[in-house]
>>> print(open('run.txt').read())   # compact mmCIF, C-alpha atoms and all ligand atoms
# COMPACT_ATOMS: atom_id res chain seq x y z
CA MET A 1 -72.03 46.58 53.44
CA ASP A 2 -75.44 45.20 52.54
CA TYR A 3 -77.91 47.74 53.86
CA SER A 4 -80.82 45.47 53.04
CA SER A 5 -79.73 42.86 55.60
CA ASN A 6 -82.11 42.31 58.44
CA PHE A 7 -80.65 44.26 61.31
CA GLU A 8 -82.83 44.87 64.34
CA LYS A 9 -81.71 48.48 64.71
CA LYS A 10 -79.46 50.76 62.71
CA PHE A 11 -77.20 53.42 64.15
CA LEU A 12 -75.17 56.20 62.59
CA ASP A 13 -72.51 58.06 64.57
CA ILE A 14 -71.39 61.31 62.94
CA GLY A 15 -67.88 62.50 63.86
CA THR A 16 -67.12 59.09 65.33
CA GLY A 17 -63.40 59.79 65.91
CA ASP A 18 -61.20 56.68 65.98
CA GLY A 19 -64.06 54.17 65.49
CA ARG A 20 -63.72 52.54 68.91
CA TYR A 21 -67.34 53.32 69.78
CA ILE A 22 -68.66 51.65 66.63
CA TYR A 23 -66.41 48.62 67.07
CA LYS A 24 -67.46 48.11 70.71
CA LYS A 25 -71.16 48.61 70.03
CA ALA A 26 -71.12 46.25 67.03
CA LEU A 27 -69.30 43.59 69.04
CA GLU A 28 -71.78 43.85 71.92
CA ASN A 29 -74.91 43.97 69.72
CA PRO A 30 -74.49 41.65 66.74
CA LYS A 31 -78.09 42.09 65.61
CA ASN A 32 -77.71 45.85 65.14
CA LEU A 33 -75.90 47.78 62.43
CA TYR A 34 -73.41 50.51 63.44
CA ILE A 35 -71.98 52.99 60.95
CA GLY A 36 -69.46 55.63 61.97
CA ILE A 37 -68.17 58.46 59.81
CA ASP A 38 -65.29 60.83 60.42
CA PRO A 39 -62.98 62.76 58.10
CA ALA A 40 -59.93 62.22 60.33
CA LYS A 41 -57.39 59.62 59.25
CA ASN A 42 -57.39 57.53 62.41
CA LEU A 43 -59.91 54.81 61.70
CA GLU A 44 -57.28 52.21 60.78
CA GLU A 45 -56.80 50.54 64.15
CA TYR A 46 -60.48 49.84 64.76
CA GLN A 47 -61.04 48.98 61.12
CA ARG A 48 -58.37 46.28 61.61
CA GLN A 49 -60.17 45.01 64.70
CA ILE A 50 -63.49 44.97 62.82
CA ASN A 51 -61.84 42.95 60.02
CA ARG A 52 -60.11 40.62 62.45
CA LYS A 53 -63.38 39.85 64.24
CA ARG A 54 -65.18 39.68 60.86
CA LEU A 55 -67.91 41.97 62.10
CA LYS A 56 -70.58 42.26 59.45
CA ASN A 57 -72.51 44.87 61.40
CA ALA A 58 -69.88 47.60 61.67
CA GLN A 59 -68.78 50.09 59.06
CA LEU A 60 -66.28 52.92 59.42
CA ILE A 61 -66.28 55.53 56.69
CA GLN A 62 -63.66 58.22 56.30
CA SER A 63 -65.77 61.21 55.33
CA SER A 64 -66.97 64.52 56.58
CA ILE A 65 -70.71 64.84 57.02
CA GLU A 66 -70.75 67.35 54.17
CA ASN A 67 -69.48 64.67 51.77
CA TYR A 68 -71.45 61.77 53.16
CA ASP A 69 -74.55 60.51 51.42
CA PRO A 70 -75.85 57.18 52.73
CA LYS A 71 -78.46 57.17 49.94
CA VAL A 72 -81.15 56.04 52.37
CA GLU A 73 -84.37 57.52 53.66
CA ASN A 74 -86.29 56.57 56.80
CA PHE A 75 -83.51 54.10 57.60
CA PHE A 76 -81.67 54.75 60.86
CA ASP A 77 -83.16 54.22 64.31
CA GLU A 78 -80.65 56.57 65.88
CA ILE A 79 -78.14 59.17 64.74
CA SER A 80 -75.62 60.34 67.32
CA ILE A 81 -73.19 63.22 67.45
CA ILE A 82 -70.91 62.87 70.45
CA LEU A 83 -68.53 65.59 71.57
CA PRO A 84 -68.06 67.14 68.13
CA TRP A 85 -65.63 69.82 67.16
CA GLY A 86 -65.04 71.83 64.00
CA ASN A 87 -67.94 72.42 61.65
CA LEU A 88 -69.90 69.64 63.28
CA LEU A 89 -69.81 71.51 66.59
CA LYS A 90 -70.83 74.67 64.80
CA TYR A 91 -73.93 73.00 63.31
CA CYS A 92 -74.95 71.94 66.82
CA VAL A 93 -74.32 75.28 68.51
CA THR A 94 -76.00 77.31 65.79
CA VAL A 95 -78.82 74.72 65.42
CA ASP A 96 -78.24 74.65 61.69
CA LYS A 97 -81.66 73.92 60.16
CA ASP A 98 -80.31 72.58 56.85
CA PHE A 99 -77.97 70.23 58.65
CA PHE A 100 -80.68 68.81 60.92
CA GLN A 101 -83.16 68.56 58.07
CA ARG A 102 -80.66 66.66 55.95
CA ILE A 103 -79.72 64.10 58.61
CA SER A 104 -83.31 63.67 59.85
CA GLY A 105 -84.28 62.52 56.34
CA TRP A 106 -82.13 59.42 56.95
CA LEU A 107 -83.96 58.69 60.19
CA LYS A 108 -87.06 56.50 60.56
CA PRO A 109 -90.18 58.17 61.91
CA GLY A 110 -89.89 57.71 65.67
CA GLY A 111 -86.10 57.55 65.39
CA ASP A 112 -83.86 59.75 67.51
CA ILE A 113 -81.04 62.20 67.02
CA LYS A 114 -78.80 62.38 70.10
CA VAL A 115 -76.38 65.22 70.44
CA ILE A 116 -73.85 65.78 73.21
CA PHE A 117 -71.59 68.78 72.85
CA GLY A 118 -69.57 71.01 75.08
CA PHE A 119 -67.05 73.77 74.76
CA ASN A 120 -65.24 76.27 76.87
CA GLU A 121 -64.13 79.58 75.45
CA GLU A 122 -61.09 79.71 77.72
CA LEU A 123 -59.97 76.10 77.37
CA GLU A 124 -60.52 75.95 73.62
CA GLU A 125 -59.64 79.49 72.76
CA LYS A 126 -58.29 78.90 69.25
CA GLU A 127 -61.11 76.63 68.14
CA THR A 128 -63.92 78.70 69.63
CA LYS A 129 -62.45 81.85 68.04
CA ARG A 130 -62.15 80.15 64.66
CA LEU A 131 -65.77 78.99 64.85
CA ASN A 132 -66.89 82.29 66.33
CA LEU A 133 -68.36 80.59 69.38
CA ARG A 134 -68.49 82.00 72.86
CA ASP A 135 -69.73 80.78 76.21
CA LEU A 136 -73.48 81.15 76.35
CA ASN A 137 -75.24 83.17 79.02
CA GLU A 138 -78.59 82.09 80.45
CA LYS A 139 -80.59 83.95 77.86
CA GLU A 140 -78.56 82.46 75.01
CA VAL A 141 -79.05 78.96 76.44
CA GLU A 142 -82.81 79.59 76.42
CA PHE A 143 -82.54 80.76 72.83
CA LEU A 144 -80.62 77.61 71.92
CA LYS A 145 -83.31 75.48 73.57
CA GLU A 146 -86.01 77.33 71.70
CA ASN A 147 -84.22 76.83 68.39
CA TYR A 148 -83.93 73.09 69.01
CA SER A 149 -87.60 72.93 69.89
CA ILE A 150 -88.74 74.40 66.57
CA LEU A 151 -86.74 72.25 64.15
CA PRO A 152 -89.04 70.97 61.38
CA ASN A 153 -90.21 67.34 61.73
CA LEU A 154 -88.31 66.88 64.97
CA GLN A 155 -89.65 66.92 68.49
CA MET A 156 -87.21 67.88 71.23
CA THR A 157 -87.50 65.22 73.92
CA LYS A 158 -84.52 66.29 76.04
CA PHE A 159 -82.51 69.43 76.60
CA GLU A 160 -79.97 69.45 79.41
CA ASN A 161 -77.30 72.00 80.11
CA VAL A 162 -74.76 71.09 82.76
CA PHE A 163 -71.29 72.24 83.63
CA TYR A 164 -70.41 68.78 84.90
CA LEU A 165 -71.25 65.82 82.69
CA ASP A 166 -70.92 62.23 83.88
CA LEU A 167 -68.52 61.22 81.14
CA GLU A 168 -68.37 57.67 82.56
CA THR A 169 -71.70 57.04 80.88
CA ILE A 170 -70.39 57.99 77.43
CA GLU A 171 -68.45 55.18 75.86
CA THR A 172 -66.35 57.06 73.33
CA THR A 173 -62.60 57.66 73.27
CA TRP A 174 -62.99 61.41 73.61
CA ALA A 175 -65.24 61.05 76.67
CA LYS A 176 -62.48 58.99 78.29
CA LYS A 177 -59.94 61.71 77.48
CA LEU A 178 -62.13 64.54 78.75
CA LYS A 179 -62.77 62.66 81.99
CA PHE A 180 -59.38 63.82 83.15
CA GLY A 181 -59.77 67.36 81.87
CA ALA A 182 -61.59 70.40 83.19
CA ASN A 183 -65.37 70.78 83.07
CA ARG A 184 -67.10 72.50 80.22
CA ASN A 185 -70.51 73.86 79.47
CA TYR A 186 -72.20 70.70 78.14
CA PHE A 187 -75.48 70.23 76.30
CA THR A 188 -77.31 66.91 75.91
CA ILE A 189 -80.14 67.11 73.42
CA SER A 190 -82.50 64.46 72.03
CA LEU A 191 -84.78 64.95 69.05
CA LYS A 192 -87.41 62.51 67.84
CA LYS A 193 -88.51 62.38 64.21
CA ILE A 194 -92.23 62.87 63.91
C1 LIG A 201 -63.57 65.52 69.88
S1 LIG A 201 -63.70 64.41 68.56
C2 LIG A 201 -64.90 63.26 69.17
C3 LIG A 201 -64.85 61.95 68.48
C4 LIG A 201 -65.83 60.90 69.02
N1 LIG A 201 -67.21 61.27 68.79
C5 LIG A 201 -65.56 60.62 70.48
O1 LIG A 201 -66.39 61.03 71.31
O2 LIG A 201 -64.52 59.99 70.76
C6 LIG A 201 -64.64 65.36 67.37
C7 LIG A 201 -64.72 64.70 66.00
O3 LIG A 201 -65.58 65.49 65.16
C8 LIG A 201 -65.13 65.25 63.84
N2 LIG A 201 -65.66 66.24 62.90
C9 LIG A 201 -65.41 67.57 62.86
N3 LIG A 201 -66.02 68.14 61.80
C10 LIG A 201 -66.69 67.15 61.17
C11 LIG A 201 -67.51 67.10 60.00
N4 LIG A 201 -67.73 68.20 59.27
N5 LIG A 201 -68.02 65.91 59.63
C12 LIG A 201 -67.80 64.79 60.37
N6 LIG A 201 -67.02 64.78 61.49
C13 LIG A 201 -66.47 65.93 61.88
C14 LIG A 201 -63.61 65.35 63.99
O4 LIG A 201 -62.92 64.77 62.89
C15 LIG A 201 -63.37 64.61 65.31
O5 LIG A 201 -63.00 63.27 65.13
>>> encode(input="run.txt", output="structure tokens", more="lines below")
Ligand SMILES: C[S@@+](CC[C@H](N)C(=O)[O-])C[C@H]1O[C@@H](n2cnc3c(N)ncnc32)[C@H](O)[C@@H]1O
Amino acid sequence: MDYSSNFEKKFLDIGTGDGRYIYKKALENPKNLYIGIDPAKNLEEYQRQINRKRLKNAQLIQSSIENYDPKVENFFDEISIILPWGNLLKYCVTVDKDFFQRISGWLKPGGDIKVIFGFNEELEEKETKRLNLRDLNEKEVEFLKENYSILPNLQMTKFENVFYLDLETIETTWAKKLKFGANRNYFTISLKKI
């Protein structure tokens, strides 16, 4: 992928899952660049579709965020993290400063980080135990909000906590799956690089 090509906007989706989101977005917006990374081995189907349609503006990379280095600075217009699990979820719930600092370096000034995450201690017992996460009470939600609002070089422009999220508006595979599942405690957070 030639990063120097003239794309109008550049997007990075961390923990992109099967790559459907990247494929769809790239198809709909040929002037923009969409890069999706995920360590899971299920990118093949949408990689095939990307190849078949000869999309020059879509790239799927099999990698965890820990091993990913785009070797760019001030490059992306938007970085998204949509319905993460595993370590990626942990970074979001603990508001890991190093993580946010690292990824914000890849973002243009004025660019946005968009995070949507949700979990439920009862529904995801094994995973939440493994990550040492538990449902947050009101005070803890306030603490989370405060932590997001003091991240270096990032201005929090949105913080929403809802038990019901309109998953129709999220175009990823996992959002479609969760649509039929139970509600969770969801957080939608936007951060602007300053
Ligand atoms: C529930 S899926 C959501 C996938 C996609 N964003 C969607 O909405 O369809 C969570 C994804 O987070 C990815 N993930 C977990 N830890 C990660 C890490 N350290 N780096 C990158 N992705 C990670 C998983 O591989 C998984 O595909």
>>> closest_residue(input="run.txt", among="A:Leu60, A:Leu131, A:Ile81, A:Val72", to="Asp13 in chain A", atoms="only C-alpha atoms")
A:Ile81
>>> closest_atom_pairs(input="run.txt", of="chain A", to="ligand LIG 201 (chain A)", cutoff="9 Å", atoms="only C-alpha atoms and all ligand atoms", output="tab-separated table")
residue	atom	partner	partner_atom	distance
A:Asp13	CA	A:LIG201	N1	7.5
A:Ile14	CA	A:LIG201	C12	5.6
A:Gly15	CA	A:LIG201	N6	3.4
A:Thr16	CA	A:LIG201	N1	4.1
A:Gly17	CA	A:LIG201	O5	3.6
A:Asp18	CA	A:LIG201	O2	6.7
A:Gly19	CA	A:LIG201	C4	7.8
A:Arg20	CA	A:LIG201	O2	7.7
A:Tyr21	CA	A:LIG201	O2	7.3
A:Ile37	CA	A:LIG201	C12	6.4
A:Asp38	CA	A:LIG201	N6	4.4
A:Pro39	CA	A:LIG201	O4	5.2
A:Ala40	CA	A:LIG201	O4	4.7
A:Lys41	CA	A:LIG201	O4	8.4
A:Asn42	CA	A:LIG201	O5	8.5
A:Gln62	CA	A:LIG201	C12	8.8
A:Ser63	CA	A:LIG201	C12	6.5
A:Ser64	CA	A:LIG201	N5	3.5
A:Ile65	CA	A:LIG201	N5	3.9
A:Glu66	CA	A:LIG201	N4	6.0
A:Asn67	CA	A:LIG201	N5	8.1
A:Tyr68	CA	A:LIG201	N5	8.4
A:Ser80	CA	A:LIG201	N1	8.6
A:Ile81	CA	A:LIG201	N1	6.4
A:Ile82	CA	A:LIG201	N1	4.4
A:Leu83	CA	A:LIG201	C2	4.9
A:Pro84	CA	A:LIG201	C6	3.9
A:Trp85	CA	A:LIG201	C6	4.6
A:Gly86	CA	A:LIG201	N3	4.4
A:Asn87	CA	A:LIG201	N3	4.7
A:Leu88	CA	A:LIG201	N3	4.4
A:Leu89	CA	A:LIG201	N3	7.0
A:Lys90	CA	A:LIG201	N3	8.6
A:Tyr91	CA	A:LIG201	N4	8.8
A:Ile170	CA	A:LIG201	O1	7.9
A:Glu171	CA	A:LIG201	O1	7.7
A:Thr172	CA	A:LIG201	O2	4.3
A:Thr173	CA	A:LIG201	O2	3.9
A:Trp174	CA	A:LIG201	O2	3.5
A:Ala175	CA	A:LIG201	O1	5.5
A:Lys176	CA	A:LIG201	O2	7.9
A:Lys177	CA	A:LIG201	O2	8.3
>>> residues_around(input="run.txt", residues="range 111-116 of chain A", least_positions_apart="6", cutoff="10 Å", atoms="only C-alpha atoms", output="ChimeraX atom specification")
/A:10-14,74-84,89,92,100,103-104,154-161,165,170,186-194
>>> atom_distance(input="run.txt", atom1="CA of Asn120 in chain A", atom2="CA of Lys139 in chain A")
17.2 Å
>>> closest_residue(input="run.txt", among="A:Val93, A:Ser5, A:Asn57, A:Arg52", to="Val141 in chain A", atoms="all atoms listed in the file")
A:Val93
>>> atom_distance(input="run.txt", atom1="CA of Phe163 in chain A", atom2="CA of Gly118 in chain A")
8.8 Å
>>> atom_distance(input="run.txt", atom1="CA of Gln59 in chain A", atom2="CA of Leu167 in chain A")
24.7 Å
>>> closest_residue(input="run.txt", among="A:Ile50, A:Glu44, A:Arg184, A:Glu8", to="Lys24 in chain A", atoms="all atoms listed in the file")
A:Ile50
>>> residues_around(input="run.txt", residues="Lys97 in chain A", least_positions_apart="5", cutoff="9 Å", atoms="all atoms listed in the file", output="list of chain:residue names")
A:Tyr91, A:Arg102, A:Leu151, A:Pro152
>>> closest_residue(input="run.txt", among="A:Gln49, A:Asn132, A:Thr169, A:Asn147", to="Phe119 in chain A", atoms="all atoms listed in the file")
A:Asn132
>>> axis_aligned_box(input="run.txt", around="range 13-28 of chain A", padding_each_side="3 Å", output="lines of an AutoDock Vina configuration file")
center_x = -66.9
center_y = 53.0
center_z = 67.4
size_x = 17.3
size_y = 24.9
size_z = 15.0
>>> closest_residue(input="run.txt", among="A:Asn185, A:Gln47, A:Thr94, A:Asn153", to="Glu138 in chain A", atoms="only C-alpha atoms")
A:Asn185
>>> closest_residue(input="run.txt", among="A:Leu43, A:Asn32, A:Phe99, A:Lys71", to="Lys56 in chain A", atoms="only C-alpha atoms")
A:Asn32
